[in-house]
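Engineer: Data: structure.txt, compact mmCIF, C-alpha atoms.
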```
# COMPACT_ATOMS: atom_id res chain seq x y z
CA MET H 369 1.83 46.82 -7.82
CA LYS H 370 -0.75 44.15 -8.49
CA LEU H 371 0.35 41.48 -10.95
CA PRO H 372 -2.00 39.98 -13.54
CA ALA H 373 -3.38 36.50 -12.87
CA LEU H 374 -0.91 33.59 -13.12
CA THR H 375 -3.19 31.95 -15.70
CA ALA H 376 -2.57 34.80 -18.13
CA PHE H 377 1.20 34.40 -17.78
CA ARG H 378 0.87 30.64 -18.30
CA TYR H 379 -1.19 31.04 -21.47
CA PHE H 380 1.27 33.66 -22.76
CA ASP H 381 4.24 31.39 -21.97
CA VAL H 382 2.85 28.43 -23.92
CA ALA H 383 1.75 30.61 -26.83
CA ALA H 384 5.15 32.32 -26.95
CA ARG H 385 7.03 29.03 -26.95
CA THR H 386 4.89 27.52 -29.70
CA GLU H 387 4.33 30.81 -31.56
CA SER H 388 0.75 29.71 -32.13
CA PHE H 389 -2.49 30.33 -30.26
CA VAL H 390 -3.95 27.21 -31.86
CA ARG H 391 -1.09 24.96 -30.70
CA ALA H 392 -1.13 26.57 -27.26
CA ALA H 393 -4.85 25.85 -26.98
CA GLU H 394 -4.22 22.17 -27.79
CA LEU H 395 -1.49 21.89 -25.16
CA LEU H 396 -3.55 23.67 -22.52
CA HIS H 397 -6.76 21.77 -23.41
CA VAL H 398 -8.73 24.98 -23.91
CA THR H 399 -10.16 26.82 -26.94
CA HIS H 400 -8.18 29.06 -29.29
CA GLY H 401 -10.37 31.95 -28.14
CA ALA H 402 -9.51 31.35 -24.47
CA VAL H 403 -5.78 31.70 -25.20
CA SER H 404 -6.32 34.81 -27.29
CA ARG H 405 -8.45 36.44 -24.55
CA GLN H 406 -5.93 35.73 -21.80
CA VAL H 407 -3.10 37.19 -23.87
CA ARG H 408 -5.19 40.27 -24.67
CA LEU H 409 -5.96 40.75 -20.96
CA LEU H 410 -2.26 40.41 -20.11
CA GLU H 411 -1.29 42.96 -22.77
CA ALA H 412 -3.94 45.37 -21.50
CA SER H 413 -2.80 44.93 -17.91
CA LEU H 414 0.88 45.49 -18.77
CA GLY H 415 0.18 48.24 -21.28
CA VAL H 416 2.42 46.71 -23.97
CA GLU H 417 1.94 44.48 -27.00
CA LEU H 418 3.51 41.07 -26.61
CA PHE H 419 2.73 39.69 -30.07
CA GLU H 420 2.50 41.06 -33.58
CA ARG H 421 -0.49 39.51 -35.32
CA ARG H 422 -0.08 39.15 -39.08
CA ASN H 423 -2.21 37.01 -41.41
CA ARG H 424 -3.29 34.61 -38.64
CA ALA H 425 0.34 34.22 -37.52
CA ILE H 426 1.83 35.64 -34.32
CA PHE H 427 5.35 36.91 -33.69
CA LEU H 428 6.88 37.98 -30.40
CA THR H 429 7.63 41.66 -29.95
CA ALA H 430 10.75 42.83 -28.12
CA ALA H 431 8.62 43.12 -24.97
CA GLY H 432 7.25 39.63 -25.58
CA ARG H 433 10.75 38.15 -25.87
CA THR H 434 11.79 39.85 -22.62
CA LEU H 435 8.74 38.52 -20.78
CA LEU H 436 9.21 35.00 -22.22
CA GLY H 437 12.73 34.87 -20.79
CA THR H 438 11.24 35.43 -17.34
CA THR H 439 8.12 33.26 -17.62
CA GLN H 440 10.10 30.37 -19.11
CA SER H 441 12.48 30.41 -16.16
CA ILE H 442 9.70 30.80 -13.59
CA PHE H 443 7.53 27.96 -14.94
CA GLU H 444 10.51 25.62 -15.33
CA GLN H 445 11.45 26.28 -11.70
CA LEU H 446 7.85 25.81 -10.60
CA GLU H 447 7.50 22.53 -12.48
CA GLY H 448 10.79 21.30 -11.04
CA THR H 449 9.78 22.20 -7.50
CA VAL H 450 6.37 20.53 -7.84
CA SER H 451 8.03 17.41 -9.27
CA ARG H 452 10.47 17.24 -6.36
CA LEU H 453 7.68 17.72 -3.82
CA GLN H 454 5.61 14.95 -5.40
CA GLN H 455 8.64 12.67 -5.51
CA GLN H 456 9.35 13.34 -1.83
CA THR H 457 5.73 12.56 -1.00
CA ARG H 458 5.90 9.26 -2.89
CA GLU H 459 9.18 8.40 -1.19
CA ASN H 460 7.69 9.06 2.25
CA VAL H 461 4.58 6.90 1.72
CA LEU H 462 4.83 3.11 1.91
CA VAL H 463 1.85 1.33 0.37
CA PHE H 464 1.73 -1.97 2.21
CA SER H 465 -0.62 -4.86 1.42
CA CYS H 466 -1.26 -7.44 4.12
CA GLU H 467 -3.58 -10.42 4.58
CA PRO H 468 -6.68 -9.18 6.46
CA THR H 469 -6.43 -11.36 9.58
CA LEU H 470 -2.71 -10.78 9.90
CA ALA H 471 -3.27 -7.03 9.53
CA MET H 472 -6.00 -6.94 12.18
CA LYS H 473 -4.57 -9.32 14.76
CA TRP H 474 -0.83 -8.78 14.43
CA LEU H 475 0.29 -5.83 12.31
CA ILE H 476 -2.00 -2.97 13.38
CA PRO H 477 -1.41 -3.43 17.14
CA ARG H 478 2.33 -3.02 16.45
CA LEU H 479 2.31 -0.22 13.87
CA ALA H 480 2.62 2.55 16.47
CA ASP H 481 6.12 1.25 17.21
CA PHE H 482 7.13 1.56 13.56
CA HIS H 483 5.75 5.11 13.33
CA ALA H 484 7.60 6.12 16.51
CA ARG H 485 10.88 4.81 15.13
CA ASN H 486 10.34 6.00 11.56
CA PRO H 487 8.41 9.30 11.77
CA GLY H 488 9.33 10.22 8.20
CA ILE H 489 7.51 7.24 6.66
CA GLN H 490 3.73 7.06 6.32
CA VAL H 491 2.26 3.57 5.98
CA HIS H 492 -0.81 3.23 3.76
CA LEU H 493 -2.22 -0.16 4.71
CA MET H 494 -4.28 -2.24 2.29
CA ALA H 495 -5.93 -5.49 3.42
CA ALA H 496 -5.82 -8.19 0.76
CA GLY H 497 -4.64 -11.73 0.20
CA GLY H 498 -3.29 -13.79 -2.66
CA PRO H 499 -1.61 -12.44 -5.83
CA VAL H 500 -0.66 -8.76 -5.98
CA ASP H 501 -0.78 -6.54 -9.07
CA PHE H 502 1.97 -4.15 -8.01
CA VAL H 503 1.61 -1.94 -11.09
CA ARG H 504 -2.14 -1.35 -10.94
CA SER H 505 -2.46 -1.21 -7.14
CA GLY H 506 0.59 0.97 -6.46
CA VAL H 507 1.66 -1.42 -3.68
CA ASP H 508 5.31 -1.17 -2.62
CA LEU H 509 5.47 -4.22 -0.38
CA ALA H 510 3.13 -7.13 0.40
CA LEU H 511 3.03 -9.61 3.28
CA ARG H 512 1.59 -12.97 2.29
CA ARG H 513 1.49 -16.63 3.25
CA ASP H 514 3.19 -18.59 0.47
CA ASP H 515 0.09 -20.59 -0.43
CA PHE H 516 -0.11 -19.34 -4.04
CA GLN H 517 2.13 -18.92 -7.10
CA TRP H 518 3.35 -15.35 -7.53
CA GLU H 519 4.65 -13.87 -10.76
CA ASP H 520 8.27 -14.17 -11.83
CA GLY H 521 10.62 -11.31 -11.13
CA LEU H 522 9.37 -10.42 -7.65
CA HIS H 523 11.87 -10.17 -4.82
CA VAL H 524 10.98 -12.42 -1.88
CA GLN H 525 12.05 -12.18 1.75
CA LYS H 526 10.98 -14.98 4.08
CA ILE H 527 9.72 -13.69 7.43
CA CYS H 528 8.91 -16.83 9.40
CA ASP H 529 7.38 -20.30 9.16
CA GLU H 530 3.69 -20.78 9.82
CA TRP H 531 2.93 -22.55 13.09
CA VAL H 532 -0.66 -23.62 13.71
CA GLY H 533 -2.52 -25.11 16.65
CA PRO H 534 -5.91 -25.28 18.36
CA VAL H 535 -6.74 -22.37 20.66
CA ALA H 536 -9.64 -21.86 23.04
CA SER H 537 -10.85 -19.63 25.83
CA PRO H 538 -9.79 -20.63 29.36
CA ARG H 539 -13.53 -20.93 30.05
CA LEU H 540 -13.71 -24.09 27.94
CA ALA H 541 -12.86 -27.36 29.69
CA LEU H 542 -10.79 -29.15 27.06
CA PRO H 543 -10.01 -32.86 27.47
CA ALA H 544 -6.36 -33.82 27.87
CA LYS H 545 -6.48 -35.58 24.51
CA GLY H 546 -8.77 -35.15 21.55
CA PHE H 547 -11.73 -32.81 21.22
CA ALA H 548 -14.72 -35.03 22.01
CA GLY H 549 -17.73 -32.93 22.93
CA GLN H 550 -16.18 -29.70 21.60
CA ARG H 551 -17.26 -27.40 18.78
CA LEU H 552 -14.51 -26.96 16.19
CA LEU H 553 -14.50 -23.61 14.40
CA TYR H 554 -13.80 -23.78 10.68
CA SER H 555 -12.86 -20.90 8.38
CA ALA H 556 -13.85 -20.64 4.71
CA THR H 557 -10.58 -18.83 4.00
CA ARG H 558 -8.53 -21.71 5.45
CA PRO H 559 -10.80 -24.73 4.97
CA GLY H 560 -8.00 -27.29 5.33
CA ALA H 561 -6.45 -25.92 8.54
CA TRP H 562 -8.08 -28.40 10.93
CA LYS H 563 -7.53 -31.35 8.59
CA THR H 564 -3.82 -30.53 8.31
CA TRP H 565 -3.33 -30.22 12.07
CA LEU H 566 -5.29 -33.40 12.85
CA ARG H 567 -3.21 -35.32 10.31
CA LEU H 568 0.09 -33.98 11.64
CA ASN H 569 -0.91 -34.85 15.21
CA LYS H 570 -2.54 -38.19 14.37
CA GLN H 571 -5.89 -37.16 15.83
CA THR H 572 -9.48 -37.24 14.57
CA GLU H 573 -12.54 -35.01 14.90
CA ARG H 574 -14.80 -37.83 16.08
CA GLY H 575 -17.37 -36.74 18.64
CA THR H 576 -17.08 -33.04 17.77
CA GLU H 577 -19.48 -30.43 16.45
CA ARG H 578 -18.61 -28.12 13.59
CA ALA H 579 -19.23 -24.38 13.12
CA GLU H 580 -18.40 -22.48 9.94
CA TYR H 581 -17.12 -18.90 9.75
CA GLU H 582 -16.41 -16.82 6.67
CA HIS H 583 -13.00 -15.49 7.73
CA PHE H 584 -10.06 -16.67 9.81
CA TYR H 585 -10.26 -13.65 12.14
CA LEU H 586 -13.92 -14.45 12.91
CA CYS H 587 -12.85 -17.89 14.12
CA ILE H 588 -10.28 -16.30 16.42
CA GLN H 589 -12.83 -13.87 17.84
CA ALA H 590 -15.33 -16.71 18.30
CA ALA H 591 -12.71 -18.68 20.22
CA VAL H 592 -12.01 -15.68 22.48
CA ALA H 593 -15.77 -15.49 23.13
CA GLY H 594 -15.79 -19.14 24.20
CA LEU H 595 -17.82 -20.37 21.23
CA GLY H 596 -15.49 -23.24 20.41
CA VAL H 597 -11.96 -24.30 19.51
CA ALA H 598 -10.30 -22.51 16.60
CA MET H 599 -7.37 -23.63 14.52
CA ALA H 600 -5.12 -20.59 14.59
CA SER H 601 -1.82 -19.25 13.38
CA ARG H 602 0.54 -18.65 16.29
CA LEU H 603 1.52 -15.33 14.70
CA MET H 604 -2.10 -14.16 14.65
CA VAL H 605 -2.97 -15.09 18.24
CA ALA H 606 0.32 -14.07 19.88
CA ASP H 607 -1.31 -11.17 21.73
CA GLU H 608 -4.31 -13.21 22.93
CA LEU H 609 -1.98 -15.93 24.21
CA ALA H 610 0.17 -13.36 26.01
CA SER H 611 -2.86 -11.75 27.65
CA GLY H 612 -4.42 -15.09 28.65
CA GLN H 613 -7.53 -14.59 26.50
CA LEU H 614 -6.66 -17.80 24.67
CA LEU H 615 -4.85 -20.99 25.59
CA ALA H 616 -3.03 -23.38 23.25
CA PRO H 617 -3.18 -26.67 25.20
CA HIS H 618 -1.66 -28.74 22.38
CA GLY H 619 0.97 -26.23 21.29
CA PHE H 620 1.74 -25.42 17.67
CA VAL H 621 3.22 -27.34 14.77
CA ARG H 622 4.71 -26.21 11.48
CA ASP H 623 2.21 -26.72 8.66
CA GLY H 624 4.76 -26.41 5.82
CA SER H 625 3.90 -22.88 4.75
CA ALA H 626 5.62 -19.60 5.57
CA TYR H 627 5.07 -15.84 5.57
CA VAL H 628 6.98 -13.82 3.00
CA LEU H 629 7.38 -10.21 1.95
CA LEU H 630 6.98 -9.62 -1.78
CA CYS H 631 8.49 -6.57 -3.47
CA PRO H 632 8.67 -5.60 -7.17
CA GLN H 633 12.15 -4.12 -6.73
CA VAL H 634 15.35 -5.08 -4.92
CA LEU H 635 14.87 -4.09 -1.28
CA ALA H 636 18.25 -2.35 -1.20
CA GLU H 637 16.95 0.13 -3.80
CA SER H 638 14.17 1.42 -1.52
CA GLU H 639 15.04 2.72 1.92
CA LYS H 640 11.41 2.74 3.09
CA CYS H 641 10.95 -0.91 2.03
CA GLN H 642 14.24 -1.82 3.67
CA ARG H 643 13.23 -0.20 6.95
CA PHE H 644 9.79 -1.76 6.99
CA THR H 645 11.17 -5.20 6.15
CA ALA H 646 13.72 -4.99 8.97
CA TRP H 647 10.98 -3.91 11.37
CA VAL H 648 8.59 -6.71 10.32
CA MET H 649 11.34 -9.31 10.75
CA GLU H 650 12.14 -7.92 14.19
CA GLN H 651 8.49 -8.08 15.24
CA ALA H 652 8.14 -11.63 13.92
CA ALA H 653 11.38 -12.83 15.53
CA PRO H 654 9.68 -14.26 18.66
CA GLN H 655 7.68 -16.56 16.35
CA VAL H 656 10.78 -17.99 14.63
CA ARG H 657 12.10 -21.32 15.83
```
Show how you would write the structure in this file as structure tokens.

Structural biologist:
Amino acid sequence: MKLPALTAFRYFDVAARTESFVRAAELLHVTHGAVSRQVRLLEASLGVELFERRNRAIFLTAAGRTLLGTTQSIFEQLEGTVSRLQQQTRENVLVFSCEPTLAMKWLIPRLADFHARNPGIQVHLMAAGGPVDFVRSGVDLALRRDDFQWEDGLHVQKICDEWVGPVASPRLALPAKGFAGQRLLYSATRPGAWKTWLRLNKQTERGTERAEYEHFYLCIQAAVAGLGVAMASRLMVADELASGQLLAPHGFVRDGSAYVLLCPQVLAESEKCQRFTAWVMEQAAPQVR
């Protein structure tokens, strides 16, 4: 037996509950005529009348009441199942916002480990810096350097302090002290990085050249290519230091800032946020002193 189209049953169900083709049309966002036609097609297919039509009013027949009992149950179950599936999907997806350079140089190379250990959680990564509009963006968790004022009510978990220092390719012959004769690489996204480090280490940039780059990660890549000396975050160049692509002849110093995870809800209320936070802290642990 071939059943009529599901659309016809849906239109009947809404019309039967509201006892009005006009109201059903409003709820379904279709015309009054579309509802009437679908009900007529259903009646013709079943071979029974489902409504009595009197003076522009409709009333369920005995057959209509019997069918409504079934369609009401079926559509309620269907809506409940769809809702649960959508909820499960939302629960399994973590929307994570991370500063671009940190995402490229530190997070992405490590994400495979998180996926291997948490196969049930999908990470949707968004690269952005500064304030986060959690409501409009749909972000669950954000990793930021605490160089801005975030809104009240957010839950904050410190990950590690920021350690900065000059890095360069082994191909560059750096003097034992100072940077005379070297090209210093400056980033527009961290314009004060060199000034802060020079002040903390009581050094000057006398006798140096200057090159400007738009983003922090471009400075790091330029340093790897031997184009000059970059002021870098230890967290962001950890892999290049480990592989020997970069050297940090003067070490790193704390610049007073830190990396934090921001969340609009208490971490304990979200298992996926809890797991990701624990993993991020574990990955950052070698950088903590």

Engineer: If you count only C-alpha atoms, which residues fall within 10 Å of Phe380 of chain H, apart from same-chain ones fewer than 4 positions away, as JSON, numbers by chain?

Structural biologist: {"H": [374, 375, 376, 384, 385, 386, 387, 389, 392, 403, 404, 406, 407, 408, 410, 411, 418, 419, 432, 435, 436, 439]}

Engineer: Please, could you write that set of residues out with C-alpha atoms as a PDB file, keeping the file's coordinate frame?

Structural biologist:
```pdb
ATOM      1  CA  LEU H 374      -0.910  33.590 -13.120  1.00  0.00           C
ATOM      2  CA  THR H 375      -3.190  31.950 -15.700  1.00  0.00           C
ATOM      3  CA  ALA H 376      -2.570  34.800 -18.130  1.00  0.00           C
ATOM      4  CA  ALA H 384       5.150  32.320 -26.950  1.00  0.00           C
ATOM      5  CA  ARG H 385       7.030  29.030 -26.950  1.00  0.00           C
ATOM      6  CA  THR H 386       4.890  27.520 -29.700  1.00  0.00           C
ATOM      7  CA  GLU H 387       4.330  30.810 -31.560  1.00  0.00           C
ATOM      8  CA  PHE H 389      -2.490  30.330 -30.260  1.00  0.00           C
ATOM      9  CA  ALA H 392      -1.130  26.570 -27.260  1.00  0.00           C
ATOM     10  CA  VAL H 403      -5.780  31.700 -25.200  1.00  0.00           C
ATOM     11  CA  SER H 404      -6.320  34.810 -27.290  1.00  0.00           C
ATOM     12  CA  GLN H 406      -5.930  35.730 -21.800  1.00  0.00           C
ATOM     13  CA  VAL H 407      -3.100  37.190 -23.870  1.00  0.00           C
ATOM     14  CA  ARG H 408      -5.190  40.270 -24.670  1.00  0.00           C
ATOM     15  CA  LEU H 410      -2.260  40.410 -20.110  1.00  0.00           C
ATOM     16  CA  GLU H 411      -1.290  42.960 -22.770  1.00  0.00           C
ATOM     17  CA  LEU H 418       3.510  41.070 -26.610  1.00  0.00           C
ATOM     18  CA  PHE H 419       2.730  39.690 -30.070  1.00  0.00           C
ATOM     19  CA  GLY H 432       7.250  39.630 -25.580  1.00  0.00           C
ATOM     20  CA  LEU H 435       8.740  38.520 -20.780  1.00  0.00           C
ATOM     21  CA  LEU H 436       9.210  35.000 -22.220  1.00  0.00           C
ATOM     22  CA  THR H 439       8.120  33.260 -17.620  1.00  0.00           C
TER      23      THR H 439
END
```

Engineer: What does the distance between atom CA of Ser388 of chain H and atom CA of Ala402 of chain H come to in Å, to one decimal place?

Structural biologist: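 These two atoms are separated by 12.9 Å.
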
Engineer: What is the distance between atom CA of Leu446 of chain H and atom CA of Leu396 of chain H, in Å to one decimal?

Structural biologist: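 Answer for the atom CA of Leu446 of chain H to atom CA of Leu396 of chain H separation: 16.6 Å.
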
Engineer: Restricting the calculation to all atoms listed in the file, which member of H:Leu553, H:Val597, H:Val390, H:Ala616 is positioned closest to Glu582 of chain H?

Structural biologist: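 Closest residue, counting all atoms listed in the file: H:Leu553.
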
Engineer: I'd like the contact shell of Pro632 of chain H - 8 Å cut-off, all atoms listed in the file, skipping same-chain residues fewer than 6 positions apart - returned as a ChimeraX atom specification.

Structural biologist: /H:502,508-509,521-523

Engineer: Given only C-alpha atoms as the basis, pick out the residue of H:Val621, H:Leu603, H:Val503, H:Leu552 nearest to Thr572 of chain H.

Structural biologist: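 Counting only C-alpha atoms, the residue closest to Thr572 of chain H is H:Leu552.
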
Engineer: Counting only C-alpha atoms, I want the residues whose atoms come within 7 Å of (-21.2, -28.6, 18.0) in the file frame, returned as a list of chain:residue names.

Structural biologist: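 Residues lying no farther than 7 Å from the given point: H:Gln550, H:Arg551, H:Thr576, H:Glu577, H:Arg578, H:Ala579.
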
Engineer: Could you pull the residues within 12 Å of Phe516 of chain H, counting only C-alpha atoms, minus those fewer than 4 positions along the same chain, as a list of chain:residue names?

Structural biologist: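 The filter keeps H:Gly497, H:Gly498, H:Pro499, H:Val500, H:Arg512, H:Ser625, H:Ala626, H:Tyr627, H:Val628.
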
Engineer: Please report the interatomic distance between atom CA of Asp514 of chain H and atom CA of Glu530 of chain H in Å with one decimal.

Structural biologist: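 Atom-to-atom, atom CA of Asp514 of chain H to atom CA of Glu530 of chain H, that is 9.6 Å.
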
Engineer: When distances are computed from all atoms listed in the file, which of H:Arg574, H:Arg602, H:Lys640, H:Arg485 shows the smallest separation from Leu470 of chain H?

Structural biologist: H:Arg602

Engineer: If we count only C-alpha atoms and set the cut-off at 8 Å, which residues sit around segment 472-475 of chain H, ignoring sequence neighbours fewer than 6 positions away in its own chain? Please answer as a ChimeraX atom specification.

Structural biologist: /H:585,603-607

Engineer: Under the rule that only C-alpha atoms are counted, which of H:Gly575, H:Pro617, H:Gly560, H:Pro477 is the nearest residue to Leu540 of chain H?

Structural biologist: H:Pro617

Engineer: Please put the answer as lines of an AutoDock Vina configuration file: centre and edge lengths, in Å with one decimal, of a box along x, y and z that encloses all listed atoms of segment 609-624 of chain H plus 3 Å on each side.

Structural biologist:
```
center_x = -1.4
center_y = -20.2
center_z = 17.2
size_x = 18.3
size_y = 23.0
size_z = 28.8
```

Engineer: Restricting the calculation to all atoms listed in the file: of H:Arg622, H:Arg643, H:Lys370, H:Arg424, which residue gets closest to Trp531 of chain H?

Structural biologist: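 Between H:Arg622, H:Arg643, H:Lys370, H:Arg424, the residue approaching Trp531 of chain H most closely is H:Arg622.
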
Engineer: Using only C-alpha atoms for the distances, tell me which of H:Ser537, H:Gln525, H:Gln589, H:Thr399 is nearest to Ala646 of chain H.

Structural biologist: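 Using only C-alpha atoms, Ala646 of chain H sits closest to H:Gln525.
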